[in-house]
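As stored in run_9.tsv (TSV, C-alpha atoms):
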chain	number	residue	atom	x	y	z
Y	4	MET	CA	151.65	69.07	41.94
Y	5	THR	CA	148.08	69.45	43.08
Y	6	ASN	CA	147.01	70.92	46.41
Y	7	LYS	CA	145.75	67.50	47.46
Y	8	LYS	CA	149.12	65.87	46.85
Y	9	TYR	CA	150.84	68.73	48.68
Y	10	ARG	CA	148.57	68.23	51.70
Y	11	GLN	CA	149.30	64.47	51.69
Y	12	LEU	CA	153.04	65.18	51.56
Y	13	ARG	CA	152.71	67.67	54.41
Y	14	VAL	CA	151.00	65.04	56.58
Y	15	ALA	CA	153.71	62.48	55.71
Y	16	VAL	CA	156.46	64.94	56.65
Y	17	ALA	CA	154.67	65.80	59.92
Y	18	VAL	CA	154.46	62.08	60.77
Y	19	PHE	CA	158.15	61.65	59.92
Y	20	VAL	CA	159.22	64.61	62.07
Y	21	GLY	CA	156.96	63.45	64.93
Y	22	THR	CA	158.47	59.96	64.78
Y	23	MET	CA	162.01	61.33	64.74
Y	24	VAL	CA	161.35	63.62	67.70
Y	25	GLY	CA	159.65	60.77	69.59
Y	26	LEU	CA	162.66	58.52	68.94
Y	27	ALA	CA	165.01	61.32	69.95
Y	28	ILE	CA	163.16	61.81	73.25
Y	29	SER	CA	163.20	58.08	74.00
Y	30	ARG	CA	166.94	57.90	73.29
Y	31	ASP	CA	167.66	61.27	74.90
Y	32	SER	CA	169.36	62.56	71.76
Y	33	TYR	CA	169.04	66.25	70.90
Y	34	LEU	CA	171.02	65.71	67.72
Y	35	LEU	CA	168.48	63.26	66.31
Y	36	ALA	CA	165.59	65.63	67.12
Y	37	GLY	CA	167.38	68.54	65.48
Y	38	ALA	CA	168.28	66.49	62.41
Y	39	GLY	CA	164.67	65.27	62.06
Y	40	VAL	CA	163.16	68.75	62.31
Y	41	LEU	CA	165.78	70.23	59.97
Y	42	THR	CA	165.25	67.49	57.38
Y	43	GLY	CA	161.49	68.08	57.49
Y	44	MET	CA	161.91	71.85	57.10
Y	45	VAL	CA	164.32	71.52	54.16
Y	46	PHE	CA	162.11	68.95	52.43
Y	47	MET	CA	159.00	71.11	52.81
Y	48	ALA	CA	160.84	74.19	51.57
Y	49	LEU	CA	161.95	72.26	48.47
Y	50	VAL	CA	158.45	70.90	47.81
Y	51	ARG	CA	156.92	74.35	48.29
Y	52	SER	CA	159.35	75.97	45.86
Y	53	LYS	CA	158.74	73.28	43.21
Y	54	ALA	CA	154.97	73.03	43.62
Y	55	LYS	CA	154.04	76.74	43.50
Y	56	ILE	CA	151.27	76.22	46.01
Y	57	THR	CA	148.73	79.03	46.10
Y	58	VAL	CA	146.52	79.67	49.10
Y	59	ASP	CA	142.99	80.37	47.97
Y	60	GLU	CA	141.21	83.42	49.35
Y	61	ARG	CA	138.74	81.56	51.58
Y	62	GLU	CA	141.60	79.77	53.29
Y	63	ALA	CA	143.44	83.09	53.69
Y	64	THR	CA	140.32	84.56	55.32
Y	65	VAL	CA	140.01	81.57	57.63
Y	66	ARG	CA	143.68	81.90	58.60
Y	67	ALA	CA	143.30	85.63	59.28
Y	68	GLN	CA	140.23	85.09	61.47
Y	69	ALA	CA	141.87	82.18	63.30
Y	70	ALA	CA	144.92	84.35	64.01
Y	71	GLN	CA	142.67	87.17	65.23
Y	72	LEU	CA	140.76	84.80	67.52
Y	73	THR	CA	143.98	83.26	68.83
Y	74	TYR	CA	145.35	86.71	69.67
Y	75	ALA	CA	142.08	87.80	71.27
Y	76	ILE	CA	142.09	84.74	73.53
Y	77	PHE	CA	145.81	84.24	74.14
Y	78	ALA	CA	146.86	87.80	75.06
Y	79	PRO	CA	144.29	88.42	77.84
Y	80	THR	CA	144.56	84.87	79.17
Y	81	ILE	CA	148.32	84.96	79.50
Y	82	GLY	CA	148.25	88.54	80.79
Y	83	ILE	CA	145.72	87.75	83.51
Y	84	GLY	CA	147.61	84.53	84.30
Y	85	ALA	CA	150.82	86.48	84.78
Y	86	PHE	CA	149.10	89.02	87.02
Y	87	LEU	CA	147.52	86.29	89.17
Y	88	LEU	CA	150.84	84.46	89.48
Y	89	TYR	CA	152.52	87.67	90.55
Y	90	LEU	CA	149.81	88.33	93.17
Y	91	PHE	CA	150.03	84.75	94.43
Y	92	SER	CA	153.81	84.80	94.72
Y	93	SER	CA	153.97	88.25	96.29
Y	94	ALA	CA	151.48	87.24	99.01
Y	95	GLN	CA	153.25	87.17	102.34
Y	96	LEU	CA	152.78	83.47	102.93
Y	97	ALA	CA	155.97	81.70	103.91
Y	98	VAL	CA	154.60	78.27	102.92
Y	99	VAL	CA	153.65	79.48	99.48
Y	100	GLN	CA	157.00	81.20	98.98
Y	101	GLN	CA	158.92	78.10	99.99
Y	102	ARG	CA	156.93	75.54	98.01
Y	103	TYR	CA	156.23	77.60	94.89
Y	104	TYR	CA	159.41	79.67	94.71
Y	105	TYR	CA	159.35	79.60	90.90
Y	106	LEU	CA	155.95	81.29	90.51
Y	107	GLU	CA	157.27	84.85	90.48
Y	108	SER	CA	159.75	84.01	87.70
Y	109	LEU	CA	157.02	82.26	85.75
Y	110	GLY	CA	154.74	85.29	86.15
Y	111	MET	CA	157.50	87.58	84.90
Y	112	VAL	CA	158.13	85.37	81.87
Y	113	LEU	CA	154.42	85.31	81.03
Y	114	ALA	CA	154.18	89.09	81.46
Y	115	TYR	CA	157.09	89.63	79.05
Y	116	ILE	CA	155.56	87.20	76.55
Y	117	THR	CA	152.31	89.20	76.71
Y	118	LEU	CA	154.17	92.46	76.13
Y	119	PHE	CA	156.10	90.92	73.23
Y	120	LEU	CA	152.88	89.65	71.68
Y	121	ILE	CA	151.17	93.03	71.98
Y	122	ALA	CA	154.25	94.82	70.58
Y	123	LEU	CA	154.44	92.39	67.66
Y	124	TYR	CA	150.73	92.86	66.93
Y	125	SER	CA	151.09	96.66	67.02
Y	126	ILE	CA	154.08	96.64	64.66
Y	127	SER	CA	152.36	94.21	62.24
Y	128	TYR	CA	149.20	96.30	62.36
Y	129	HIS	CA	151.15	99.50	61.65
Y	130	PHE	CA	152.92	98.04	58.60
Y	131	LEU	CA	149.87	96.27	57.19
Y	132	ASN	CA	147.74	99.37	57.70
Y	133	ARG	CA	150.23	101.40	55.68
Y	134	LYS	CA	150.50	98.70	53.03
Y	135	TYR	CA	146.74	98.68	52.48
Y	136	GLY	CA	146.39	102.43	52.22
Y	137	GLY	CA	145.68	103.46	55.79
Y	138	GLY	CA	147.38	106.39	57.49
Y	139	GLY	CA	147.65	108.50	54.33
Y	140	LEU	CA	147.15	112.26	54.28
Y	141	ASP	CA	143.68	113.54	53.37
Y	142	GLU	CA	143.34	115.48	50.13
W	7	MET	CA	110.20	106.38	64.53
W	8	SER	CA	110.57	103.03	62.84
W	9	ASN	CA	114.05	101.86	63.45
W	10	PHE	CA	114.96	98.58	61.80
W	11	ARG	CA	118.30	96.89	62.14
W	12	SER	CA	118.93	95.34	58.78
W	13	LYS	CA	121.39	92.79	57.50
W	14	ILE	CA	122.36	92.35	53.89
W	15	PHE	CA	122.64	88.80	52.64
W	16	MET	CA	124.48	88.22	49.40
W	17	LYS	CA	122.96	85.50	47.29
W	18	ASN	CA	124.10	83.93	44.05
W	19	ASN	CA	122.96	81.49	41.44
W	20	ILE	CA	126.29	79.85	40.73
W	21	LYS	CA	124.79	76.41	41.21
W	22	VAL	CA	122.25	77.09	38.44
W	23	GLN	CA	124.91	78.53	36.13
W	24	ARG	CA	127.11	75.55	36.83
W	25	ALA	CA	124.29	73.21	35.84
W	26	ILE	CA	123.63	75.23	32.66
W	27	HIS	CA	127.30	75.05	31.70
W	28	ASN	CA	127.54	71.41	32.78
W	29	LEU	CA	130.37	71.99	35.23
W	30	THR	CA	131.14	70.21	38.48
W	31	GLN	CA	132.32	72.14	41.54
W	32	GLU	CA	135.81	70.70	41.03
W	33	GLU	CA	135.93	71.82	37.38
W	34	LEU	CA	134.71	75.31	38.22
W	35	ALA	CA	137.22	75.53	41.08
W	36	ASN	CA	140.08	74.57	38.75
W	37	LYS	CA	138.98	77.12	36.15
W	38	ILE	CA	138.89	80.02	38.63
W	39	GLY	CA	141.91	78.92	40.68
W	40	VAL	CA	140.38	78.11	44.04
W	41	SER	CA	139.62	74.94	45.97
W	42	ARG	CA	136.42	72.90	45.57
W	43	GLN	CA	135.58	73.75	49.19
W	44	THR	CA	135.61	77.45	48.33
W	45	VAL	CA	133.15	76.96	45.46
W	46	ASN	CA	130.94	74.91	47.76
W	47	ALA	CA	131.08	77.61	50.48
W	48	ILE	CA	130.19	80.35	47.96
W	49	GLU	CA	127.24	78.35	46.61
W	50	ALA	CA	125.99	77.75	50.15
W	51	ASP	CA	126.27	81.50	50.93
W	52	LYS	CA	128.76	80.73	53.70
W	53	TYR	CA	131.60	82.67	52.12
W	54	LEU	CA	131.44	85.95	50.24
W	55	PRO	CA	133.98	85.96	47.37
W	56	SER	CA	136.28	88.90	46.74
W	57	LEU	CA	135.47	91.26	43.88
W	58	GLY	CA	138.25	89.71	41.80
W	59	LEU	CA	136.95	86.20	42.26
W	60	ALA	CA	133.37	87.32	41.58
W	61	PHE	CA	134.51	88.80	38.25
W	62	LYS	CA	136.38	85.62	37.38
W	63	ILE	CA	133.21	83.61	37.97
W	64	VAL	CA	130.88	85.84	35.98
W	65	ARG	CA	133.33	86.13	33.08
W	66	LEU	CA	133.52	82.36	32.92
W	67	PHE	CA	129.73	82.23	32.56
W	68	LYS	CA	129.78	85.25	30.16
W	69	LEU	CA	127.35	87.17	32.36
W	70	LYS	CA	127.25	90.40	34.32
W	71	VAL	CA	128.01	90.47	38.05
W	72	GLU	CA	124.43	91.40	38.94
W	73	GLU	CA	123.12	88.43	36.97
W	74	VAL	CA	125.00	86.01	39.20
W	75	PHE	CA	125.36	87.87	42.49
W	76	PHE	CA	122.57	89.84	44.14
W	77	TYR	CA	121.77	90.96	47.62
W	78	GLU	CA	118.71	90.61	49.74
W	79	GLU	CA	118.07	93.01	52.55
W	80	ASP	CA	116.45	91.24	55.40
W	81	LYS	CA	114.79	93.38	58.04
W	82	TYR	CA	114.92	91.00	60.93
W	83	GLU	CA	114.87	92.99	64.07
W	84	LYS	CA	112.86	95.96	65.18
W	85	ASP	CA	114.39	98.15	67.86
W	86	ASN	CA	111.21	100.01	68.84
Encoding of this model in structure tokens:
Amino acid sequence: MTNKKYRQLRVAVAVFVGTMVGLAISRDSYLLAGAGVLTGMVFMALVRSKAKITVDEREATVRAQAAQLTYAIFAPTIGIGAFLLYLFSSAQLAVVQQRYYYLESLGMVLAYITLFLIALYSISYHFLNRKYGGGGLDE
Amino acid sequence: MSNFRSKIFMKNNIKVQRAIHNLTQEELANKIGVSRQTVNAIEADKYLPSLGLAFKIVRLFKLKVEEVFFYEEDKYEKDN
């Protein structure tokens, strides 16, 4: 199987899963959504194992830089968002506290997500750094 | 004190070698195991190939690395 055919199959599976989830939402059926997503995942896993798809190095570089950019934007944005939500909810305004009672919880959730993201990045960095020869003792 | 900030641009003549060997981008890509887009990006100096891929390319053309890839140092900005 060529890369082109694999990409076409991937789009077809994405359309199928999207349709199934859309149908599931319209019929209010979690089972249908789950079945659709699971079928898509199993099918893609089978195709991937048969096709032996290799990612070429330019695409790997693009993925790495995209991930780096996503982290660089997402972590500060969500962190600052959480801080602002916390400030807003902790302000001593009765109206705000009554109308937006969920803001403090939302801020806490965002703060924990930020911490999780940073922790995950640090752990990944540590292992990858060791894998690629960093952190060794000097001769 | 002349203080130039310099940037090294890698150049290559893969397009010329491809023409000499009568290969399309797609054919070259298939021979070296990358996508056609990657070959196109390398030819356009938008992507710098890894050392492994550079060796694959030059071995295909039966040349040395420095005959296909070379760098140009461009002094583009003067600090003082």
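Relative to CA of Leu54 (chain W), CA of Asn18 (chain W) is found at 9.8 Å.
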Provide as number ranges by chain the residues of chain W at most 8 Å from chain Y, counting only C-alpha atoms. W: 39-41, 44, 53, 55-56
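Closest approach to Val22 (chain W) among W:Glu49, W:Glu72, W:Tyr77, W:Gly58 is made by W:Glu49 (distances from only C-alpha atoms).
From CA of Ala48 (chain Y) back to CA of Ser125 (chain Y), the distance works out to 29.0 Å.
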Got a sec to check which residues sit within 12 Å of (132.8, 72.2, 40.3), counting only C-alpha atoms, and write them as a PyMOL selection string? chain W and resi 20-25+27-49+63
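Note that CA of Ala60 (chain W) and CA of Phe75 (chain W) are 8.1 Å apart.
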